[in-house]
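The file query-v1.txt comes next; it holds compact mmCIF, C-alpha atoms.
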```txt
# COMPACT_ATOMS: atom_id res chain seq x y z
CA MET A 1 5.08 85.49 30.57
CA HIS A 2 8.58 85.34 32.06
CA ASP A 3 10.04 85.46 35.53
CA LEU A 4 12.02 88.45 36.78
CA LEU A 5 15.28 87.09 35.39
CA GLY A 6 13.73 86.34 32.04
CA SER A 7 15.27 82.87 32.09
CA LYS A 8 12.16 80.73 31.67
CA PRO A 9 8.40 81.03 31.29
CA SER A 10 6.51 81.33 34.56
CA THR A 11 3.12 79.81 35.19
CA ASP A 12 0.04 81.77 34.16
CA TRP A 13 -2.52 81.05 36.87
CA THR A 14 -5.15 83.44 35.53
CA ALA A 15 -7.24 80.91 33.63
CA LEU A 16 -7.28 78.44 36.52
CA HIS A 17 -8.24 81.10 39.05
CA ASN A 18 -10.93 82.52 36.74
CA PHE A 19 -12.30 79.01 36.21
CA ALA A 20 -12.53 78.50 39.99
CA ALA A 21 -14.15 81.91 40.52
CA LEU A 22 -16.79 81.10 37.90
CA ARG A 23 -17.73 77.90 39.75
CA GLY A 24 -15.97 75.57 37.35
CA GLN A 25 -15.93 71.92 38.40
CA LEU A 26 -13.19 69.35 38.75
CA ARG A 27 -14.93 66.09 37.83
CA VAL A 28 -12.95 63.07 39.03
CA SER A 29 -13.93 59.78 37.41
CA LEU A 30 -13.05 56.92 39.75
CA THR A 31 -13.96 54.29 37.15
CA PRO A 32 -15.53 54.02 33.69
CA ARG A 33 -17.38 50.87 34.78
CA CYS A 34 -21.02 50.83 35.88
CA ASN A 35 -23.54 48.29 37.13
CA ILE A 36 -26.19 49.69 34.79
CA ALA A 37 -25.96 50.95 31.21
CA CYS A 38 -27.96 54.10 30.48
CA TRP A 39 -28.09 54.44 26.71
CA PHE A 40 -27.18 58.16 26.74
CA CYS A 41 -24.07 57.76 28.95
CA HIS A 42 -21.06 59.85 27.89
CA ASN A 43 -18.84 58.31 30.61
CA GLU A 44 -16.87 61.53 31.02
CA GLY A 45 -15.41 61.04 27.54
CA ASP A 46 -14.46 57.35 27.87
CA VAL A 47 -16.14 54.37 26.19
CA PRO A 48 -19.56 54.08 27.88
CA PRO A 49 -20.98 50.84 29.35
CA PRO A 50 -23.78 50.35 26.77
CA LEU A 51 -21.24 50.34 23.94
CA THR A 52 -19.05 47.81 25.75
CA ARG A 53 -22.11 45.60 26.29
CA ARG A 54 -22.83 45.60 22.56
CA ASP A 55 -19.22 45.19 21.47
CA ARG A 56 -16.69 43.68 23.87
CA THR A 57 -13.83 44.93 21.68
CA GLN A 58 -14.81 48.48 22.70
CA GLN A 59 -13.25 48.91 26.12
CA PRO A 60 -12.54 52.02 28.22
CA ARG A 61 -9.01 53.10 29.03
CA GLU A 62 -6.97 51.02 31.45
CA ARG A 63 -6.70 52.26 35.02
CA ALA A 64 -3.35 53.89 35.73
CA LEU A 65 -4.02 55.86 38.91
CA THR A 66 -3.84 54.65 42.51
CA ALA A 67 -5.80 56.05 45.44
CA ASP A 68 -2.71 58.05 46.43
CA ASN A 69 -2.49 59.47 42.88
CA TYR A 70 -6.09 60.62 43.02
CA LEU A 71 -5.63 62.23 46.41
CA MET A 72 -2.50 64.05 45.30
CA LEU A 73 -4.26 65.31 42.15
CA ILE A 74 -7.24 66.57 44.13
CA SER A 75 -5.14 68.19 46.85
CA ALA A 76 -2.79 69.85 44.36
CA LEU A 77 -5.61 71.41 42.35
CA MET A 78 -7.59 72.50 45.40
CA ASP A 79 -4.44 74.09 46.82
CA ALA A 80 -4.08 75.88 43.47
CA GLY A 81 -7.57 77.35 43.82
CA LEU A 82 -10.23 74.93 42.59
CA LYS A 83 -13.21 74.75 44.94
CA ARG A 84 -15.75 72.23 43.61
CA VAL A 85 -14.86 68.54 43.24
CA TYR A 86 -17.36 66.02 41.86
CA PHE A 87 -16.73 62.27 41.98
CA THR A 88 -18.18 60.47 38.99
CA GLY A 89 -17.81 57.34 36.86
CA GLY A 90 -19.23 55.18 35.42
CA GLU A 91 -20.68 54.40 38.79
CA PRO A 92 -18.04 55.57 41.31
CA LEU A 93 -19.18 53.13 44.01
CA THR A 94 -18.28 50.16 41.81
CA SER A 95 -14.61 51.20 42.01
CA PRO A 96 -12.31 49.53 44.56
CA LEU A 97 -10.69 52.96 44.91
CA ALA A 98 -13.89 54.73 45.98
CA ARG A 99 -13.50 54.03 49.68
CA PRO A 100 -9.72 54.65 50.01
CA VAL A 101 -10.10 57.93 48.10
CA LEU A 102 -13.28 59.29 49.66
CA GLU A 103 -12.36 58.29 53.22
CA ARG A 104 -9.02 60.10 52.99
CA LEU A 105 -10.13 63.36 51.39
CA PRO A 106 -8.56 66.40 53.04
CA ALA A 107 -10.99 68.57 54.96
CA PRO A 108 -12.28 71.18 52.51
CA ALA A 109 -11.95 74.90 53.04
CA PRO A 110 -15.18 76.68 54.07
CA ASP A 111 -15.89 77.70 50.46
CA ALA A 112 -14.99 74.31 48.91
CA SER A 113 -17.09 71.18 48.52
CA TYR A 114 -17.04 67.50 47.59
CA THR A 115 -19.97 65.88 45.76
CA LEU A 116 -20.54 62.23 44.88
CA ILE A 117 -22.60 61.62 41.73
CA THR A 118 -24.17 58.16 41.75
CA ASN A 119 -27.01 56.12 40.30
CA GLY A 120 -28.05 55.35 43.87
CA THR A 121 -28.15 51.56 43.59
CA LEU A 122 -25.10 50.98 45.84
CA VAL A 123 -25.43 53.77 48.38
CA ARG A 124 -27.16 51.64 51.01
CA ALA A 125 -24.40 48.99 50.82
CA HIS A 126 -21.70 51.65 51.35
CA GLN A 127 -23.62 53.89 53.73
CA SER A 128 -21.63 53.11 56.88
CA TRP A 129 -18.36 54.50 55.56
CA LEU A 130 -19.84 57.19 53.28
CA ALA A 131 -21.31 58.82 56.36
CA LYS A 132 -17.80 59.27 57.81
CA THR A 133 -16.28 61.08 54.81
CA HIS A 134 -15.95 64.79 54.08
CA LEU A 135 -18.61 64.58 51.35
CA ASP A 136 -20.92 67.59 51.47
CA LYS A 137 -23.41 66.26 48.98
CA ILE A 138 -24.60 63.17 47.14
CA LYS A 139 -26.28 63.78 43.80
CA VAL A 140 -28.43 60.87 42.61
CA SER A 141 -29.31 60.40 38.94
CA LEU A 142 -33.04 59.70 38.80
CA HIS A 143 -33.95 59.44 35.12
CA TYR A 144 -36.78 56.95 35.74
CA PHE A 145 -39.55 56.34 38.22
CA SER A 146 -40.68 52.79 37.54
CA ASP A 147 -39.13 49.41 36.87
CA ALA A 148 -40.23 49.70 33.24
CA SER A 149 -38.55 53.03 32.54
CA LEU A 150 -35.46 52.02 34.53
CA ASN A 151 -35.10 48.96 32.33
CA ALA A 152 -35.80 50.90 29.12
CA ILE A 153 -33.24 53.61 29.90
CA ALA A 154 -30.58 51.73 31.87
CA GLY A 155 -30.87 48.16 30.54
CA THR A 156 -31.04 46.65 34.01
CA ARG A 157 -33.23 44.35 36.07
CA ILE A 158 -32.48 46.33 39.20
CA GLY A 159 -35.76 47.71 40.51
CA ILE A 160 -36.65 51.35 41.06
CA ASP A 161 -37.11 50.64 44.79
CA THR A 162 -33.35 50.06 45.06
CA VAL A 163 -32.66 53.50 43.59
CA LEU A 164 -35.22 55.21 45.83
CA ASP A 165 -33.83 53.43 48.88
CA GLY A 166 -30.38 54.65 47.86
CA ILE A 167 -31.72 58.20 47.97
CA GLU A 168 -32.99 57.61 51.49
CA ALA A 169 -29.63 56.13 52.52
CA ALA A 170 -27.90 59.21 51.10
CA ARG A 171 -30.22 61.48 53.10
CA GLU A 172 -29.20 59.62 56.25
CA SER A 173 -25.48 59.98 55.45
CA VAL A 174 -24.58 63.46 54.18
CA PRO A 175 -25.76 67.04 54.75
CA ARG A 176 -27.27 67.55 51.30
CA VAL A 177 -28.85 65.27 48.69
CA GLU A 178 -29.93 66.36 45.22
CA VAL A 179 -31.58 64.64 42.27
CA ASN A 180 -30.79 65.13 38.59
CA THR A 181 -33.08 64.03 35.78
CA LEU A 182 -32.33 63.94 32.07
CA LEU A 183 -35.35 64.83 29.95
CA LEU A 184 -36.11 61.96 27.55
CA LYS A 185 -39.05 60.54 25.64
CA GLU A 186 -38.74 57.42 27.78
CA ASN A 187 -39.42 59.34 31.00
CA THR A 188 -41.67 62.20 29.84
CA HIS A 189 -44.68 60.58 31.52
CA GLU A 190 -42.78 60.38 34.84
CA VAL A 191 -41.13 63.80 35.09
CA ARG A 192 -43.87 65.30 37.23
CA ALA A 193 -43.84 62.26 39.53
CA ILE A 194 -40.09 62.68 39.97
CA LEU A 195 -40.62 66.35 40.78
CA ASP A 196 -43.36 65.53 43.31
CA PHE A 197 -41.16 62.87 44.93
CA ALA A 198 -38.35 65.40 45.34
CA LEU A 199 -40.58 68.19 46.62
CA GLN A 200 -42.16 65.90 49.22
CA ARG A 201 -38.66 65.19 50.57
CA ARG A 202 -37.42 68.74 50.03
CA LEU A 203 -34.70 67.55 47.66
CA PRO A 204 -33.34 70.03 45.11
CA VAL A 205 -33.75 68.81 41.53
CA GLN A 206 -31.94 69.59 38.31
CA PHE A 207 -33.67 68.86 35.00
CA ILE A 208 -31.23 68.57 32.10
CA GLU A 209 -31.59 68.51 28.34
CA LEU A 210 -29.69 65.74 26.53
CA VAL A 211 -26.11 66.48 25.51
CA SER A 212 -25.40 64.83 22.16
CA THR A 213 -22.17 62.84 21.81
CA ASP A 214 -20.79 60.37 19.26
CA PHE A 215 -22.01 57.55 21.50
CA ASN A 216 -25.67 58.56 21.71
CA ALA A 217 -26.17 60.36 18.39
CA ALA A 218 -28.19 57.46 16.95
CA ARG A 219 -30.91 58.10 19.54
CA SER A 220 -30.93 61.89 19.44
CA ALA A 221 -34.65 61.76 18.63
CA SER A 222 -35.23 60.76 22.26
CA ALA A 223 -34.15 64.21 23.44
CA VAL A 224 -36.93 66.31 24.95
CA PRO A 225 -36.72 70.10 25.36
CA ALA A 226 -37.18 71.63 28.78
CA ASP A 227 -40.11 73.84 27.79
CA ALA A 228 -42.82 71.58 29.29
CA ILE A 229 -41.24 71.34 32.75
CA VAL A 230 -40.54 75.09 32.72
CA THR A 231 -44.21 75.75 31.95
CA HIS A 232 -45.31 73.40 34.72
CA LEU A 233 -42.96 74.95 37.28
CA ARG A 234 -44.43 78.37 36.48
CA THR A 235 -47.80 77.05 37.64
CA LEU A 236 -46.24 76.14 41.00
CA THR A 237 -44.26 79.30 41.75
CA HIS A 238 -43.53 82.85 40.65
CA ASP A 239 -40.04 82.63 42.17
CA GLU A 240 -37.89 82.26 39.04
CA HIS A 241 -34.63 83.75 37.90
CA VAL A 242 -31.89 83.02 35.37
CA GLU A 243 -28.26 82.38 36.29
CA VAL A 244 -25.38 82.50 33.81
CA ALA A 245 -22.32 81.79 35.92
CA GLY A 246 -19.67 82.17 33.22
CA THR A 247 -19.04 78.46 32.72
CA GLY A 248 -21.25 76.04 30.83
CA GLN A 249 -24.92 76.60 30.11
CA GLY A 250 -27.21 79.02 31.79
CA ARG A 251 -29.99 77.73 34.01
CA ARG A 252 -33.44 78.70 35.13
CA VAL A 253 -33.77 78.54 38.90
CA PHE A 254 -37.17 78.09 40.51
CA ARG A 255 -38.04 77.91 44.20
CA VAL A 256 -41.11 75.89 45.09
CA ASP A 257 -41.91 76.18 48.79
CA GLY A 258 -38.24 76.94 49.38
CA VAL A 259 -36.94 73.97 47.37
CA GLU A 260 -34.60 74.87 44.50
CA ILE A 261 -35.42 73.41 41.08
CA ASP A 262 -32.89 74.03 38.29
CA VAL A 263 -33.54 73.63 34.60
CA ILE A 264 -30.50 73.51 32.33
CA HIS A 265 -31.98 75.18 29.28
CA ARG A 266 -30.17 75.43 25.95
CA HIS A 267 -31.99 78.67 25.07
CA LEU A 268 -29.90 80.45 27.70
CA GLY A 269 -26.68 80.00 25.75
CA ARG A 270 -23.35 78.55 26.83
CA HIS A 271 -19.88 79.71 27.74
CA HIS A 272 -17.13 79.27 25.16
CA VAL A 273 -13.44 80.15 25.42
CA GLY A 274 -10.54 80.70 23.00
CA GLN A 275 -10.14 77.14 21.75
CA CYS A 276 -13.86 76.93 21.04
CA GLY A 277 -13.65 79.66 18.41
CA THR A 278 -12.13 77.41 15.76
CA CYS A 279 -13.50 74.10 17.05
CA PRO A 280 -15.12 72.03 14.28
CA LEU A 281 -17.62 70.67 16.81
CA ARG A 282 -18.85 74.04 18.06
CA SER A 283 -22.09 73.87 16.06
CA THR A 284 -23.09 70.72 17.95
CA CYS A 285 -21.76 71.82 21.36
CA VAL A 286 -24.55 72.19 23.89
CA GLU A 287 -22.58 72.50 27.11
CA GLY A 288 -19.74 74.88 26.41
CA PHE A 289 -16.80 74.90 28.82
CA TRP A 290 -17.60 74.23 32.46
CA ALA A 291 -15.55 71.30 33.80
CA LEU A 292 -12.10 69.79 33.97
CA ARG A 293 -12.53 66.01 33.76
CA ALA A 294 -9.89 63.79 35.38
CA ASP A 295 -10.07 60.12 34.43
CA HIS A 296 -8.65 56.96 35.98
CA ASN A 297 -6.07 56.64 33.20
CA GLY A 298 -4.37 59.89 34.24
CA GLY A 299 -5.93 62.19 31.69
CA LEU A 300 -7.39 65.63 32.27
CA GLN A 301 -9.57 67.16 29.59
CA PRO A 302 -11.49 70.44 29.43
CA CYS A 303 -13.96 69.31 26.78
CA LEU A 304 -16.16 66.23 26.60
CA LEU A 305 -16.15 66.24 22.79
CA ARG A 306 -12.39 66.66 22.21
CA ASP A 307 -10.11 63.83 23.30
CA ASP A 308 -7.27 65.53 21.44
CA LEU A 309 -7.26 68.29 24.09
CA ARG A 310 -6.59 65.79 26.86
CA LEU A 311 -3.58 66.39 29.14
CA ASP A 312 -1.71 63.34 30.48
CA VAL A 313 -0.80 64.19 34.08
CA ARG A 314 0.94 60.93 34.99
CA ASP A 315 4.44 62.34 34.62
CA HIS A 316 3.62 65.04 37.19
CA LEU A 317 2.08 62.88 39.91
CA SER A 318 5.24 62.81 42.01
CA ASP A 319 5.31 66.61 42.42
CA PRO A 320 2.15 68.51 43.41
CA ALA A 321 3.62 71.87 42.41
CA ARG A 322 4.59 70.65 38.94
CA LEU A 323 1.19 69.05 38.52
CA ALA A 324 -0.70 72.24 39.40
CA GLU A 325 1.55 74.24 37.07
CA ALA A 326 1.00 71.80 34.21
CA VAL A 327 -2.78 71.96 34.61
CA ALA A 328 -2.76 75.76 34.90
CA GLY A 329 -0.63 76.03 31.77
CA HIS A 330 -2.83 73.65 29.81
CA LEU A 331 -5.97 75.49 30.86
CA ALA A 332 -4.44 78.84 29.91
CA ALA A 333 -3.53 77.48 26.46
CA PHE A 334 -7.05 76.11 26.03
CA THR A 335 -8.82 79.29 27.04
CA GLU A 336 -6.53 81.36 24.83
CA GLY A 337 -7.03 79.06 21.86
CA VAL A 338 -3.37 78.12 21.37
CA LEU A 339 -3.50 74.36 22.09
```

Representation of the structure as structure tokens:
Amino acid sequence: MHDLLGSKPSTDWTALHNFAALRGQLRVSLTPRCNIACWFCHNEGDVPPPLTRRDRTQQPRERALTADNYLMLISALMDAGLKRVYFTGGEPLTSPLARPVLERLPAPAPDASYTLITNGTLVRAHQSWLAKTHLDKIKVSLHYFSDASLNAIAGTRIGIDTVLDGIEAARESVPRVEVNTLLLKENTHEVRAILDFALQRRLPVQFIELVSTDFNAARSASAVPADAIVTHLRTLTHDEHVEVAGTGQGRRVFRVDGVEIDVIHRHLGRHHVGQCGTCPLRSTCVEGFWALRADHNGGLQPCLLRDDLRLDVRDHLSDPARLAEAVAGHLAAFTEGVL
């Protein structure tokens, strides 16, 4: 595509705008570090905490971004059309940049949103300032419902009461709180208790099947399909429909007494784009394309399984327009399969 004078390529915004329209996420990792170490962690494509615990020579990327860099990145991409920003880690609340970033977020447009994804253990300690941010939602990972399963899954002596109290602190701080639960052999006996806990508090829940990565492949036998929870939900409600948004996997959506329960179900397929057609990892890809992942080292990648598709945005952080154009161009090349 060229400008009117034909002198240089102009930016193709189509892929970025389509991604936003299809509810694609910008996932902003504030840190790869975490105060627990869930064995399945993919750490947004960086070296996960359980691997670092086992082998200190395996370390995540060095931090290169400042709070101002993060805010410029977020503002530039939201101005370019992205609507949904999720703050992740590691555990984002372990980062010294969490407060200076989240407290200074620009007010979102009416159709935009900010979500913090957390393990819940530090929410109470940070509640006073979290309540003053523009966060619309806090999403708490609740993959356990006892001290025993918390220790088995996350390798921590932190008790489940700390996590549950973090959920209560979140409810006191932001308009919406949700729970997400990965379906595993270690928590199969607790899934219904987690569901009951959420329903009693009218908290939306998302049940998710395990996404296999190089880091957790050795324990792939712990993955549990979603069929059992789907069957159980059908005993609670007849209000069920399927949503395939155009990014990522489809989901089954149930409403139980007005509370939304999502099940990310691999049988519903996934959304692939141009680059995926020749990808050697496609046969093992469960998620498809659904997120742009920004990390604390200045990288932006459209695929969790392909570090080679990562865009380094550090050279563009002084110019919001150039940054947005670089991301739009990279996304267009990815979706067209020409990277």

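Between CA of Pro100 in chain A and CA of His134 in chain A lies a distance of 12.6 Å.
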
Which residues are near range 44-50 of chain A? Cut-off 8 Å, only C-alpha atoms, ignore same chain within fewer than 3 positions. Put them as a PyMOL selection string. chain A and resi 29+32-34+36-39+41+53-54+58-61+89-90+215+293+295+304-305+307

Just the number, please: distance in Å from CA of Gln25 in chain A to CA of Thr52 in chain A, one decimal.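 Between CA of Gln25 in chain A and CA of Thr52 in chain A the gap works out to 27.4 Å.
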
Between CA of Asn119 in chain A and CA of His143 in chain A, what distance in Å does the model show, to one decimal?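 About the pair CA of Asn119 in chain A and CA of His143 in chain A: they are 9.3 Å apart.
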
Using only C-alpha atoms, which of the listed residues (A:Glu178, A:Glu243, A:Glu62, A:Glu91) sits closest to Val205 in chain A? A:Glu178

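With all atoms listed in the file as the basis for measurement, A:Asp165 is the residue among A:Asp68, A:Asp165, A:Glu260, A:Asp136 that approaches Gly120 in chain A most closely.
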
For a quick check of understanding, using all atoms listed in the file, which of A:Ala152, A:Val28, A:Ala193, A:Val123 has the smallest distance to Ser173 in chain A? A:Val123

Spatial neighbours of Ala170 in chain A, 8 Å, all atoms listed in the file, chain gap at least 3 places, as a list of chain:residue names: A:Val123, A:Arg124, A:Gln127, A:Ile138, A:Gly166, A:Ile167, A:Ser173, A:Val174, A:Val177

Could you save those same residues with C-alpha atoms as a PDB file, in the frame of the given file?
```pdb
ATOM      1  CA  VAL A 123     -25.430  53.770  48.380  1.00  0.00           C
ATOM      2  CA  ARG A 124     -27.160  51.640  51.010  1.00  0.00           C
ATOM      3  CA  GLN A 127     -23.620  53.890  53.730  1.00  0.00           C
ATOM      4  CA  ILE A 138     -24.600  63.170  47.140  1.00  0.00           C
ATOM      5  CA  GLY A 166     -30.380  54.650  47.860  1.00  0.00           C
ATOM      6  CA  ILE A 167     -31.720  58.200  47.970  1.00  0.00           C
ATOM      7  CA  SER A 173     -25.480  59.980  55.450  1.00  0.00           C
ATOM      8  CA  VAL A 174     -24.580  63.460  54.180  1.00  0.00           C
ATOM      9  CA  VAL A 177     -28.850  65.270  48.690  1.00  0.00           C
TER      10      VAL A 177
END
```

For range 174-185 of chain A, I'd like the enclosing box, axis-aligned and padded by 5 Å on every side, reported as JSON with centre and edge lengths in Å to one decimal.
```
{"center_x": -31.8, "center_y": 64.0, "center_z": 40.2, "size_x": 24.5, "size_y": 17.0, "size_z": 39.1}
```

Which residue, A:Ile158, A:Ala131, A:Ala332, A:Leu184, has the smallest gap to Arg219 in chain A when you use only C-alpha atoms?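 Residue with the minimum atom-to-atom distance to Arg219 in chain A: A:Leu184.
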
Compile the contact shell of Leu268 in chain A as a list in words: residues with an atom at most 8 Å away, counting only C-alpha atoms, same-chain residues fewer than 3 positions apart removed.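 Near Leu268 in chain A, the qualifying residues are Val244, Gln249, Gly250, Arg251 and His265 of chain A.
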
Out of A:Thr235, A:Leu71, A:Gly81, A:Arg27, which residue has the shortest atom-to-atom distance to Trp13 in chain A when counting only C-alpha atoms?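 Of A:Thr235, A:Leu71, A:Gly81, A:Arg27, the one nearest Trp13 in chain A is A:Gly81, counting only C-alpha atoms.
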
Counting only C-alpha atoms, which residues come within 8 Å of (-43.0, 48.0, 38.1), with the point read in the file's coordinates, and could you list them as a list in words?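 Residues satisfying the cut-off, written out: Ser146, Asp147, Ala148, Gly159 and Ile160 of chain A.
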